[in-house]
$ cat coords-v3.cif   # mmCIF, C-alpha atoms and all ligand atoms
data_target
#
loop_
_atom_site.group_PDB
_atom_site.id
_atom_site.type_symbol
_atom_site.label_atom_id
_atom_site.label_comp_id
_atom_site.auth_asym_id
_atom_site.auth_seq_id
_atom_site.Cartn_x
_atom_site.Cartn_y
_atom_site.Cartn_z
ATOM 1 C CA MET S 1 -19.321 9.250 3.842
ATOM 2 C CA ASN S 2 -19.467 5.901 5.523
ATOM 3 C CA LEU S 3 -15.686 5.377 5.545
ATOM 4 C CA VAL S 4 -13.054 4.054 7.941
ATOM 5 C CA SER S 5 -9.393 5.024 8.044
ATOM 6 C CA MET S 6 -6.873 2.905 6.184
ATOM 7 C CA LYS S 7 -4.920 2.448 9.413
ATOM 8 C CA GLU S 8 -7.852 0.625 10.998
ATOM 9 C CA ILE S 9 -8.064 -1.759 8.021
ATOM 10 C CA LEU S 10 -4.331 -2.347 7.746
ATOM 11 C CA ASP S 11 -3.602 -2.797 11.434
ATOM 12 C CA ASP S 12 -5.976 -5.788 11.445
ATOM 13 C CA ALA S 13 -4.278 -7.143 8.326
ATOM 14 C CA ASN S 14 -0.850 -6.675 9.913
ATOM 15 C CA ARG S 15 -1.913 -8.519 13.055
ATOM 16 C CA GLU S 16 -3.453 -11.437 11.155
ATOM 17 C CA ASN S 17 -0.985 -11.623 8.252
ATOM 18 C CA TYR S 18 -3.102 -10.935 5.226
ATOM 19 C CA ALA S 19 -3.247 -8.049 2.749
ATOM 20 C CA VAL S 20 -6.009 -5.720 1.618
ATOM 21 C CA GLY S 21 -6.335 -4.478 -1.947
ATOM 22 C CA GLY S 22 -5.579 -0.861 -2.720
ATOM 23 C CA PHE S 23 -7.705 -0.952 -5.856
ATOM 24 C CA ASN S 24 -7.751 2.034 -8.221
ATOM 25 C CA ILE S 25 -10.968 3.415 -9.612
ATOM 26 C CA ASN S 26 -11.009 5.091 -13.028
ATOM 27 C CA ASN S 27 -14.745 5.558 -13.553
ATOM 28 C CA MET S 28 -18.126 4.466 -12.213
ATOM 29 C CA GLU S 29 -17.871 0.932 -13.579
ATOM 30 C CA PHE S 30 -14.573 0.368 -11.747
ATOM 31 C CA LEU S 31 -16.071 1.649 -8.508
ATOM 32 C CA GLN S 32 -19.168 -0.548 -8.790
ATOM 33 C CA GLY S 33 -17.283 -3.658 -9.944
ATOM 34 C CA ILE S 34 -14.694 -3.381 -7.167
ATOM 35 C CA ILE S 35 -17.187 -2.722 -4.357
ATOM 36 C CA LYS S 36 -19.517 -5.496 -5.512
ATOM 37 C CA ALA S 37 -16.666 -8.015 -5.533
ATOM 38 C CA ALA S 38 -15.478 -7.043 -2.044
ATOM 39 C CA GLU S 39 -19.028 -7.221 -0.693
ATOM 40 C CA GLU S 40 -19.666 -10.630 -2.253
ATOM 41 C CA VAL S 41 -16.628 -12.131 -0.524
ATOM 42 C CA ASN S 42 -16.897 -10.029 2.639
ATOM 43 C CA SER S 43 -13.501 -8.353 2.327
ATOM 44 C CA PRO S 44 -12.316 -4.975 3.624
ATOM 45 C CA LEU S 45 -11.389 -2.583 0.825
ATOM 46 C CA ILE S 46 -9.168 0.402 0.114
ATOM 47 C CA LEU S 47 -10.596 2.341 -2.823
ATOM 48 C CA GLN S 48 -8.034 4.666 -4.293
ATOM 49 C CA THR S 49 -7.830 7.397 -6.880
ATOM 50 C CA SER S 50 -4.686 8.725 -8.508
ATOM 51 C CA GLU S 51 -4.498 12.470 -9.123
ATOM 52 C CA GLY S 52 -5.111 11.650 -12.796
ATOM 53 C CA ALA S 53 -8.319 9.786 -11.951
ATOM 54 C CA ILE S 54 -9.521 12.733 -9.877
ATOM 55 C CA ARG S 55 -8.846 15.043 -12.820
ATOM 56 C CA TYR S 56 -10.704 12.691 -15.174
ATOM 57 C CA ILE S 57 -13.738 12.013 -12.974
ATOM 58 C CA GLY S 58 -13.864 15.321 -11.066
ATOM 59 C CA MET S 59 -13.516 15.553 -7.278
ATOM 60 C CA ASP S 60 -17.229 16.157 -6.679
ATOM 61 C CA TYR S 61 -18.135 13.116 -8.742
ATOM 62 C CA VAL S 62 -15.560 10.901 -6.990
ATOM 63 C CA VAL S 63 -16.929 11.894 -3.598
ATOM 64 C CA GLY S 64 -20.561 11.708 -4.728
ATOM 65 C CA MET S 65 -20.140 8.258 -6.279
ATOM 66 C CA VAL S 66 -18.250 6.872 -3.302
ATOM 67 C CA GLU S 67 -20.858 8.316 -0.977
ATOM 68 C CA ALA S 68 -23.620 6.547 -2.919
ATOM 69 C CA ALA S 69 -21.649 3.310 -3.134
ATOM 70 C CA THR S 70 -20.827 3.152 0.583
ATOM 71 C CA LYS S 71 -24.204 4.258 1.948
ATOM 72 C CA ASN S 72 -25.510 0.782 2.624
ATOM 73 C CA THR S 73 -22.342 -1.240 2.638
ATOM 74 C CA SER S 74 -21.510 -3.721 5.369
ATOM 75 C CA ILE S 75 -17.752 -3.926 4.714
ATOM 76 C CA PRO S 76 -15.061 -1.498 5.984
ATOM 77 C CA ILE S 77 -14.005 0.819 3.160
ATOM 78 C CA ALA S 78 -11.315 3.522 3.105
ATOM 79 C CA LEU S 79 -11.086 6.182 0.389
ATOM 80 C CA HIS S 80 -7.427 6.834 -0.297
ATOM 81 C CA LEU S 81 -5.440 9.265 -2.458
ATOM 82 C CA ASP S 82 -2.895 7.225 -4.443
ATOM 83 C CA HIS S 83 0.522 8.825 -5.148
ATOM 84 C CA GLY S 84 -0.335 12.302 -3.883
ATOM 85 C CA GLY S 85 2.309 14.586 -5.326
ATOM 86 C CA SER S 86 2.068 17.568 -2.968
ATOM 87 C CA PHE S 87 1.019 18.669 0.513
ATOM 88 C CA GLU S 88 -1.744 20.754 -1.101
ATOM 89 C CA LYS S 89 -3.253 17.804 -2.984
ATOM 90 C CA THR S 90 -3.375 15.659 0.158
ATOM 91 C CA MET S 91 -5.126 18.475 2.040
ATOM 92 C CA GLU S 92 -7.630 18.956 -0.775
ATOM 93 C CA CYS S 93 -8.552 15.265 -0.577
ATOM 94 C CA ILE S 94 -8.876 15.394 3.203
ATOM 95 C CA ARG S 95 -11.136 18.445 2.964
ATOM 96 C CA ASN S 96 -13.306 16.516 0.504
ATOM 97 C CA GLY S 97 -13.751 13.546 2.822
ATOM 98 C CA TYR S 98 -10.952 11.081 1.976
ATOM 99 C CA SER S 99 -10.127 8.912 4.979
ATOM 100 C CA SER S 100 -6.556 8.272 3.873
ATOM 101 C CA VAL S 101 -3.836 9.827 1.706
ATOM 102 C CA MET S 102 -0.540 8.825 0.194
ATOM 103 C CA ILE S 103 2.196 11.406 -0.047
ATOM 104 C CA ASP S 104 4.690 10.221 -2.623
ATOM 105 C CA GLY S 105 8.001 11.960 -2.082
ATOM 106 C CA SER S 106 9.952 9.009 -3.450
ATOM 107 C CA LYS S 107 11.500 11.057 -6.266
ATOM 108 C CA LYS S 108 12.923 13.532 -3.749
ATOM 109 C CA PRO S 109 16.146 13.085 -1.797
ATOM 110 C CA PHE S 110 15.659 11.100 1.440
ATOM 111 C CA ALA S 111 15.700 14.126 3.789
ATOM 112 C CA GLU S 112 13.201 16.081 1.675
ATOM 113 C CA ASN S 113 10.872 13.091 1.391
ATOM 114 C CA MET S 114 11.013 12.808 5.179
ATOM 115 C CA VAL S 115 10.216 16.487 5.836
ATOM 116 C CA LEU S 116 7.311 16.478 3.372
ATOM 117 C CA THR S 117 5.902 13.247 4.828
ATOM 118 C CA GLN S 118 6.203 14.586 8.397
ATOM 119 C CA LYS S 119 4.220 17.660 7.401
ATOM 120 C CA VAL S 120 1.406 15.598 5.832
ATOM 121 C CA VAL S 121 1.324 13.162 8.770
ATOM 122 C CA GLU S 122 0.993 15.985 11.289
ATOM 123 C CA ALA S 123 -1.910 17.601 9.439
ATOM 124 C CA ALA S 124 -3.681 14.336 8.495
ATOM 125 C CA HIS S 125 -3.428 12.754 11.934
ATOM 126 C CA SER S 126 -4.928 15.841 13.567
ATOM 127 C CA VAL S 127 -8.194 14.994 11.753
ATOM 128 C CA GLY S 128 -7.989 11.193 12.014
ATOM 129 C CA VAL S 129 -6.803 10.557 8.448
ATOM 130 C CA SER S 130 -4.114 7.930 7.818
ATOM 131 C CA VAL S 131 -1.009 8.388 5.671
ATOM 132 C CA GLU S 132 1.013 6.154 3.351
ATOM 133 C CA ALA S 133 4.445 7.231 2.116
ATOM 134 C CA GLU S 134 7.016 5.703 -0.219
ATOM 135 C CA LEU S 135 10.695 4.990 0.051
ATOM 136 C CA GLY S 136 12.700 3.704 -2.901
ATOM 137 C CA LYS S 137 11.651 4.315 -6.483
ATOM 138 C CA LEU S 138 9.481 1.973 -8.592
ATOM 139 C CA GLY S 139 10.117 1.804 -12.317
ATOM 140 C CA GLY S 140 7.343 2.025 -14.903
ATOM 141 C CA SER S 141 4.501 4.359 -15.546
ATOM 142 C CA GLU S 142 1.238 5.290 -13.884
ATOM 143 C CA ASP S 143 -0.639 8.461 -14.792
ATOM 144 C CA ASP S 144 1.611 11.388 -13.864
ATOM 145 C CA ILE S 145 4.476 9.212 -12.630
ATOM 146 C CA THR S 146 7.048 7.732 -14.957
ATOM 147 C CA VAL S 147 10.356 6.383 -13.744
ATOM 148 C CA ASP S 148 12.890 5.028 -16.198
ATOM 149 C CA GLU S 149 14.001 1.509 -15.230
ATOM 150 C CA ARG S 150 17.583 2.734 -14.880
ATOM 151 C CA GLU S 151 16.474 5.238 -12.247
ATOM 152 C CA ALA S 152 14.455 2.745 -10.211
ATOM 153 C CA THR S 153 16.013 2.109 -6.791
ATOM 154 C CA PHE S 154 15.193 -0.500 -4.164
ATOM 155 C CA THR S 155 14.292 0.521 -0.612
ATOM 156 C CA ASP S 156 17.181 0.637 1.841
ATOM 157 C CA PRO S 157 16.129 -1.215 5.051
ATOM 158 C CA GLU S 158 18.130 1.094 7.347
ATOM 159 C CA GLU S 159 16.591 4.171 5.759
ATOM 160 C CA ALA S 160 13.153 2.596 6.195
ATOM 161 C CA VAL S 161 13.705 2.350 9.964
ATOM 162 C CA GLU S 162 14.717 5.998 10.275
ATOM 163 C CA PHE S 163 11.930 7.142 7.941
ATOM 164 C CA VAL S 164 9.177 5.330 9.844
ATOM 165 C CA GLU S 165 10.476 6.487 13.234
ATOM 166 C CA LYS S 166 10.835 10.129 12.258
ATOM 167 C CA THR S 167 7.665 10.566 10.187
ATOM 168 C CA GLY S 168 5.119 8.539 12.186
ATOM 169 C CA VAL S 169 3.617 7.364 8.901
ATOM 170 C CA ASP S 170 0.904 4.633 9.048
ATOM 171 C CA ALA S 171 2.001 2.490 6.081
ATOM 172 C CA LEU S 172 5.148 2.369 3.958
ATOM 173 C CA ALA S 173 5.323 1.560 0.244
ATOM 174 C CA ILE S 174 8.608 -0.104 -0.632
ATOM 175 C CA ALA S 175 10.442 -0.844 -3.862
ATOM 176 C CA ILE S 176 11.511 -4.508 -4.147
ATOM 177 C CA GLY S 177 11.345 -5.105 -7.892
ATOM 178 C CA THR S 178 7.766 -4.442 -8.920
ATOM 179 C CA ALA S 179 6.950 -1.712 -11.457
ATOM 180 C CA HIS S 180 3.898 0.299 -12.453
ATOM 181 C CA GLY S 181 2.008 -0.633 -15.614
ATOM 182 C CA VAL S 182 2.741 -3.473 -18.022
ATOM 183 C CA TYR S 183 5.945 -5.479 -17.403
ATOM 184 C CA LYS S 184 8.469 -5.864 -20.199
ATOM 185 C CA GLY S 185 10.002 -9.028 -18.685
ATOM 186 C CA LYS S 186 9.125 -11.275 -15.754
ATOM 187 C CA PRO S 187 9.183 -9.288 -12.495
ATOM 188 C CA GLU S 188 11.848 -10.504 -10.059
ATOM 189 C CA LEU S 189 10.973 -9.641 -6.470
ATOM 190 C CA ASP S 190 13.717 -9.178 -3.880
ATOM 191 C CA PHE S 191 12.180 -11.279 -1.084
ATOM 192 C CA ASP S 192 15.338 -11.087 1.078
ATOM 193 C CA ARG S 193 15.017 -7.319 1.145
ATOM 194 C CA LEU S 194 11.337 -7.591 2.043
ATOM 195 C CA GLU S 195 12.190 -9.942 4.903
ATOM 196 C CA GLU S 196 14.855 -7.579 6.194
ATOM 197 C CA ILE S 197 12.537 -4.569 6.054
ATOM 198 C CA ASN S 198 9.672 -6.480 7.672
ATOM 199 C CA ASN S 199 11.988 -7.541 10.511
ATOM 200 C CA LYS S 200 12.984 -3.947 11.116
ATOM 201 C CA ILE S 201 9.674 -2.049 10.923
ATOM 202 C CA ASP S 202 6.318 -2.774 12.546
ATOM 203 C CA ILE S 203 3.908 -0.761 10.423
ATOM 204 C CA PRO S 204 2.013 -2.239 7.434
ATOM 205 C CA ILE S 205 4.085 -2.495 4.247
ATOM 206 C CA VAL S 206 2.639 -1.725 0.816
ATOM 207 C CA LEU S 207 3.404 -3.355 -2.539
ATOM 208 C CA HIS S 208 2.759 -1.147 -5.566
ATOM 209 C CA GLY S 209 2.673 -2.255 -9.191
ATOM 210 C CA ALA S 210 1.178 -5.671 -8.439
ATOM 211 C CA SER S 211 -0.520 -6.065 -11.836
ATOM 212 C CA GLY S 212 1.231 -8.712 -13.901
ATOM 213 C CA VAL S 213 3.077 -10.188 -10.902
ATOM 214 C CA PRO S 214 2.379 -13.954 -10.705
ATOM 215 C CA GLY S 215 -0.171 -14.823 -8.012
ATOM 216 C CA GLU S 216 2.259 -17.081 -6.151
ATOM 217 C CA ASP S 217 4.797 -14.237 -5.862
ATOM 218 C CA VAL S 218 2.163 -11.838 -4.525
ATOM 219 C CA ARG S 219 1.020 -14.521 -2.077
ATOM 220 C CA LYS S 220 4.612 -15.093 -0.936
ATOM 221 C CA ALA S 221 5.088 -11.353 -0.426
ATOM 222 C CA VAL S 222 1.913 -11.276 1.685
ATOM 223 C CA THR S 223 3.097 -14.149 3.871
ATOM 224 C CA MET S 224 6.376 -12.244 4.282
ATOM 225 C CA GLY S 225 4.760 -9.062 5.579
ATOM 226 C CA ILE S 226 3.002 -7.115 2.799
ATOM 227 C CA ASN S 227 -0.388 -5.833 4.056
ATOM 228 C CA LYS S 228 -1.593 -3.643 1.169
ATOM 229 C CA VAL S 229 -1.340 -4.564 -2.502
ATOM 230 C CA ASN S 230 -2.012 -1.932 -5.168
ATOM 231 C CA VAL S 231 -3.628 -2.964 -8.430
ATOM 232 C CA ASN S 232 -4.760 -0.825 -11.326
ATOM 233 C CA THR S 233 -3.502 -2.049 -14.719
ATOM 234 C CA ASP S 234 -4.903 -5.593 -14.307
ATOM 235 C CA PHE S 235 -8.412 -4.199 -13.884
ATOM 236 C CA GLN S 236 -7.997 -1.798 -16.798
ATOM 237 C CA GLN S 237 -6.911 -4.737 -18.954
ATOM 238 C CA ALA S 238 -9.812 -6.909 -17.777
ATOM 239 C CA PHE S 239 -12.314 -4.180 -18.653
ATOM 240 C CA THR S 240 -10.771 -3.406 -22.030
ATOM 241 C CA ALA S 241 -10.338 -7.053 -23.045
ATOM 242 C CA LYS S 242 -14.042 -7.651 -22.425
ATOM 243 C CA VAL S 243 -15.048 -4.557 -24.429
ATOM 244 C CA LYS S 244 -12.770 -5.578 -27.326
ATOM 245 C CA GLU S 245 -14.181 -9.103 -27.281
ATOM 246 C CA LEU S 246 -17.722 -7.760 -27.510
ATOM 247 C CA PHE S 247 -16.880 -5.421 -30.375
ATOM 248 C CA ALA S 248 -15.166 -8.252 -32.221
ATOM 249 C CA GLU S 249 -18.379 -10.277 -31.925
ATOM 250 C CA LYS S 250 -20.751 -7.394 -32.609
ATOM 251 C CA PRO S 251 -19.047 -4.482 -34.378
ATOM 252 C CA ASP S 252 -22.364 -2.594 -34.585
ATOM 253 C CA LEU S 253 -22.773 -2.247 -30.819
ATOM 254 C CA TYR S 254 -23.557 1.344 -29.889
ATOM 255 C CA ASP S 255 -25.250 1.309 -26.452
ATOM 256 C CA PRO S 256 -22.456 1.811 -23.872
ATOM 257 C CA ARG S 257 -24.443 -0.136 -21.298
ATOM 258 C CA LYS S 258 -24.080 -3.212 -23.497
ATOM 259 C CA TYR S 259 -20.277 -3.176 -23.259
ATOM 260 C CA CYS S 260 -19.555 -1.180 -20.073
ATOM 261 C CA GLY S 261 -21.840 -3.505 -18.075
ATOM 262 C CA PRO S 262 -19.933 -6.657 -19.088
ATOM 263 C CA GLY S 263 -16.665 -4.709 -18.578
ATOM 264 C CA ARG S 264 -17.775 -3.966 -15.017
ATOM 265 C CA GLU S 265 -18.533 -7.664 -14.514
ATOM 266 C CA ALA S 266 -15.047 -8.577 -15.784
ATOM 267 C CA ILE S 267 -13.487 -6.193 -13.249
ATOM 268 C CA LYS S 268 -15.568 -7.746 -10.493
ATOM 269 C CA GLU S 269 -14.332 -11.250 -11.311
ATOM 270 C CA ARG S 270 -10.700 -10.093 -11.482
ATOM 271 C CA VAL S 271 -11.038 -8.326 -8.122
ATOM 272 C CA LYS S 272 -12.328 -11.530 -6.541
ATOM 273 C CA GLU S 273 -9.290 -13.423 -7.838
ATOM 274 C CA LYS S 274 -7.006 -10.800 -6.296
ATOM 275 C CA ILE S 275 -8.825 -10.917 -2.965
ATOM 276 C CA ASP S 276 -8.333 -14.688 -2.905
ATOM 277 C CA ILE S 277 -4.590 -14.234 -3.338
ATOM 278 C CA LEU S 278 -4.397 -11.518 -0.682
ATOM 279 C CA GLY S 279 -6.287 -13.567 1.903
ATOM 280 C CA SER S 280 -8.730 -10.810 2.893
ATOM 281 C CA LYS S 281 -11.849 -12.882 2.139
ATOM 282 C CA ASN S 282 -14.223 -12.936 5.143
ATOM 283 C CA LYS S 283 -12.057 -10.436 7.046
ATOM 284 C CA ALA S 284 -14.613 -7.608 6.849
HETATM 285 O O1 LIG A 1 -0.508 2.870 -7.051
HETATM 286 C C1 LIG A 1 -1.056 2.058 -7.820
HETATM 287 C C2 LIG A 1 -0.396 0.871 -8.228
HETATM 288 O O2 LIG A 1 0.864 0.749 -7.763
HETATM 289 C C3 LIG A 1 -0.901 0.101 -9.372
HETATM 290 O O3 LIG A 1 0.103 -0.404 -10.210
HETATM 291 O O4 LIG A 1 -1.162 -0.492 -12.318
HETATM 292 O O5 LIG A 1 0.958 -1.732 -12.038
HETATM 293 O O6 LIG A 1 -1.101 -2.445 -10.836
HETATM 294 P P1 LIG A 1 -0.315 -1.328 -11.427
HETATM 295 ZN ZN ZN A 2 1.684 2.829 -7.202
#
$ encode --input "coords-v3.cif" --output "structure tokens"
Amino acid sequence: MNLVSMKEILDDANRENYAVGGFNINNMEFLQGIIKAAEEVNSPLILQTSEGAIRYIGMDYVVGMVEAATKNTSIPIALHLDHGGSFEKTMECIRNGYSSVMIDGSKKPFAENMVLTQKVVEAAHSVGVSVEAELGKLGGSEDDITVDEREATFTDPEEAVEFVEKTGVDALAIAIGTAHGVYKGKPELDFDRLEEINNKIDIPIVLHGASGVPGEDVRKAVTMGINKVNVNTDFQQAFTAKVKELFAEKPDLYDPRKYCGPGREAIKERVKEKIDILGSKNKA
């Protein structure tokens, strides 16, 4: 596959103070809509699949589709495992050609998260694959991961320093008030905590659960040191809203191309809006 590592993409972003989208794909229309948008505005791109998306699409299809989509592309693209739950899953993705993996040990105690992350980093780095890990616990729900709001915990800046030093991880996802999925109230981001963490660690920092966060807050987070912004729900909603709109107009529609095509177009437009906020336009 014509892929680059996530580290290569994010180190540039870190140096020049912008962020790159970690955009989730759920099917072929997501993949095509997202890639088309990034190509049209000349932005680097991190395509990511959750374990649930891999189960739904099938590993061979993910790899085959991404291979086809990246064959003639002119922008740097990484294929990344989002929220990998085990050492085995990260290795399976690497064997299948992913250029980057996330190992999410955030539900484990600090020491266990560190040991697991170290193990993935050692194996992934030996074959040139980059690694994202997570410290702190985001609330909300995404595929296999559900964290009750009462159990959500913000990232401790001191722990972040030790974690980054000891694991050698390439990017760190932090918890500063965002949540996965649809927000119940207005998200309140802890920008002071972000500033403190950014002052203490040098590697790219990742913001998960960015769907539903006002654009100006995401922009502020980017100017304060976030270099990767994960979005899934916003694109799912864009696709589904378009399909619902079409069925409301024409309840007799039956050709999937007539509603999945416009859904794909809606994703593309939403991706472009996100890229504008992240500042990665013309950075390819
Ligand atoms: O890892 C993926 C994300 O954090 C996406 O979260 O669906 O709330 O945008 P979201
Ligand atoms: Zn996430």
$ closest_atom_pairs --input "coords-v3.cif" --of "segment 68-181 of chain S" --to "segment 196-218 of chain S" --cutoff "6 Å" --atoms "only C-alpha atoms" --output "JSON lines"
{"residue": "S:Pro157", "atom": "CA", "partner": "S:Ile197", "partner_atom": "CA", "distance": 5.0}
{"residue": "S:Ala171", "atom": "CA", "partner": "S:Pro204", "partner_atom": "CA", "distance": 4.9}
{"residue": "S:Leu172", "atom": "CA", "partner": "S:Ile205", "partner_atom": "CA", "distance": 5.0}
{"residue": "S:Ala173", "atom": "CA", "partner": "S:Val206", "partner_atom": "CA", "distance": 4.3}
{"residue": "S:Thr178", "atom": "CA", "partner": "S:Gly209", "partner_atom": "CA", "distance": 5.5}
{"residue": "S:Ala179", "atom": "CA", "partner": "S:Gly209", "partner_atom": "CA", "distance": 4.9}
{"residue": "S:His180", "atom": "CA", "partner": "S:Gly209", "partner_atom": "CA", "distance": 4.3}
$ resolve_selection --input "coords-v3.cif" --expression "the PyMOL selection byres (((not hetatm)) within 12 of (chain A and resi 2))" --output "VMD selection string"
chain S and resid 22 to 24 48 to 51 81 to 85 102 to 104 106 132 to 147 172 to 175 178 to 181 206 to 211 228 to 233
$ resolve_selection --input "coords-v3.cif" --expression "the PyMOL selection byres (((chain S and resi 239) around 12) and not hetatm)" --output "VMD selection string"
chain S and resid 25 to 27 29 to 30 33 to 34 232 to 238 240 to 246 259 to 271
$ residues_around --input "coords-v3.cif" --residues "Val63 of chain S" --least-positions-apart "2" --cutoff "9 Å" --atoms "only C-alpha atoms" --output "JSON, numbers by chain"
{"S": [1, 58, 59, 60, 61, 65, 66, 67, 68, 96, 97, 98]}
$ closest_residue --input "coords-v3.cif" --among "S:Ile176, S:Leu116, S:Leu194, S:Val222" --to "Ile277 of chain S" --atoms "only C-alpha atoms"
S:Val222
$ atom_distance --input "coords-v3.cif" --atom1 "atom CA of Ile46 of chain S" --atom2 "atom CA of Leu278 of chain S"
12.9 Å
$ axis_aligned_box --input "coords-v3.cif" --around "segment 22-36 of chain S" --padding-each-side "5 Å" --output "JSON"
{"center_x": -12.5, "center_y": 0.0, "center_z": -8.1, "size_x": 23.9, "size_y": 21.1, "size_z": 20.9}
$ closest_residue --input "coords-v3.cif" --among "S:Gly52, S:Pro251, S:Gly279, S:Gly168" --to "ligand LIG 1 (chain A)" --atoms "only C-alpha atoms and all ligand atoms"
S:Gly52
$ closest_residue --input "coords-v3.cif" --among "S:His80, S:Lys272, S:Arg193, S:Lys108" --to "ligand LIG 1 (chain A)" --atoms "all atoms listed in the file"
S:His80
$ atom_distance --input "coords-v3.cif" --atom1 "atom CA of Gln118 of chain S" --atom2 "atom CA of Asp11 of chain S"
20.2 Å
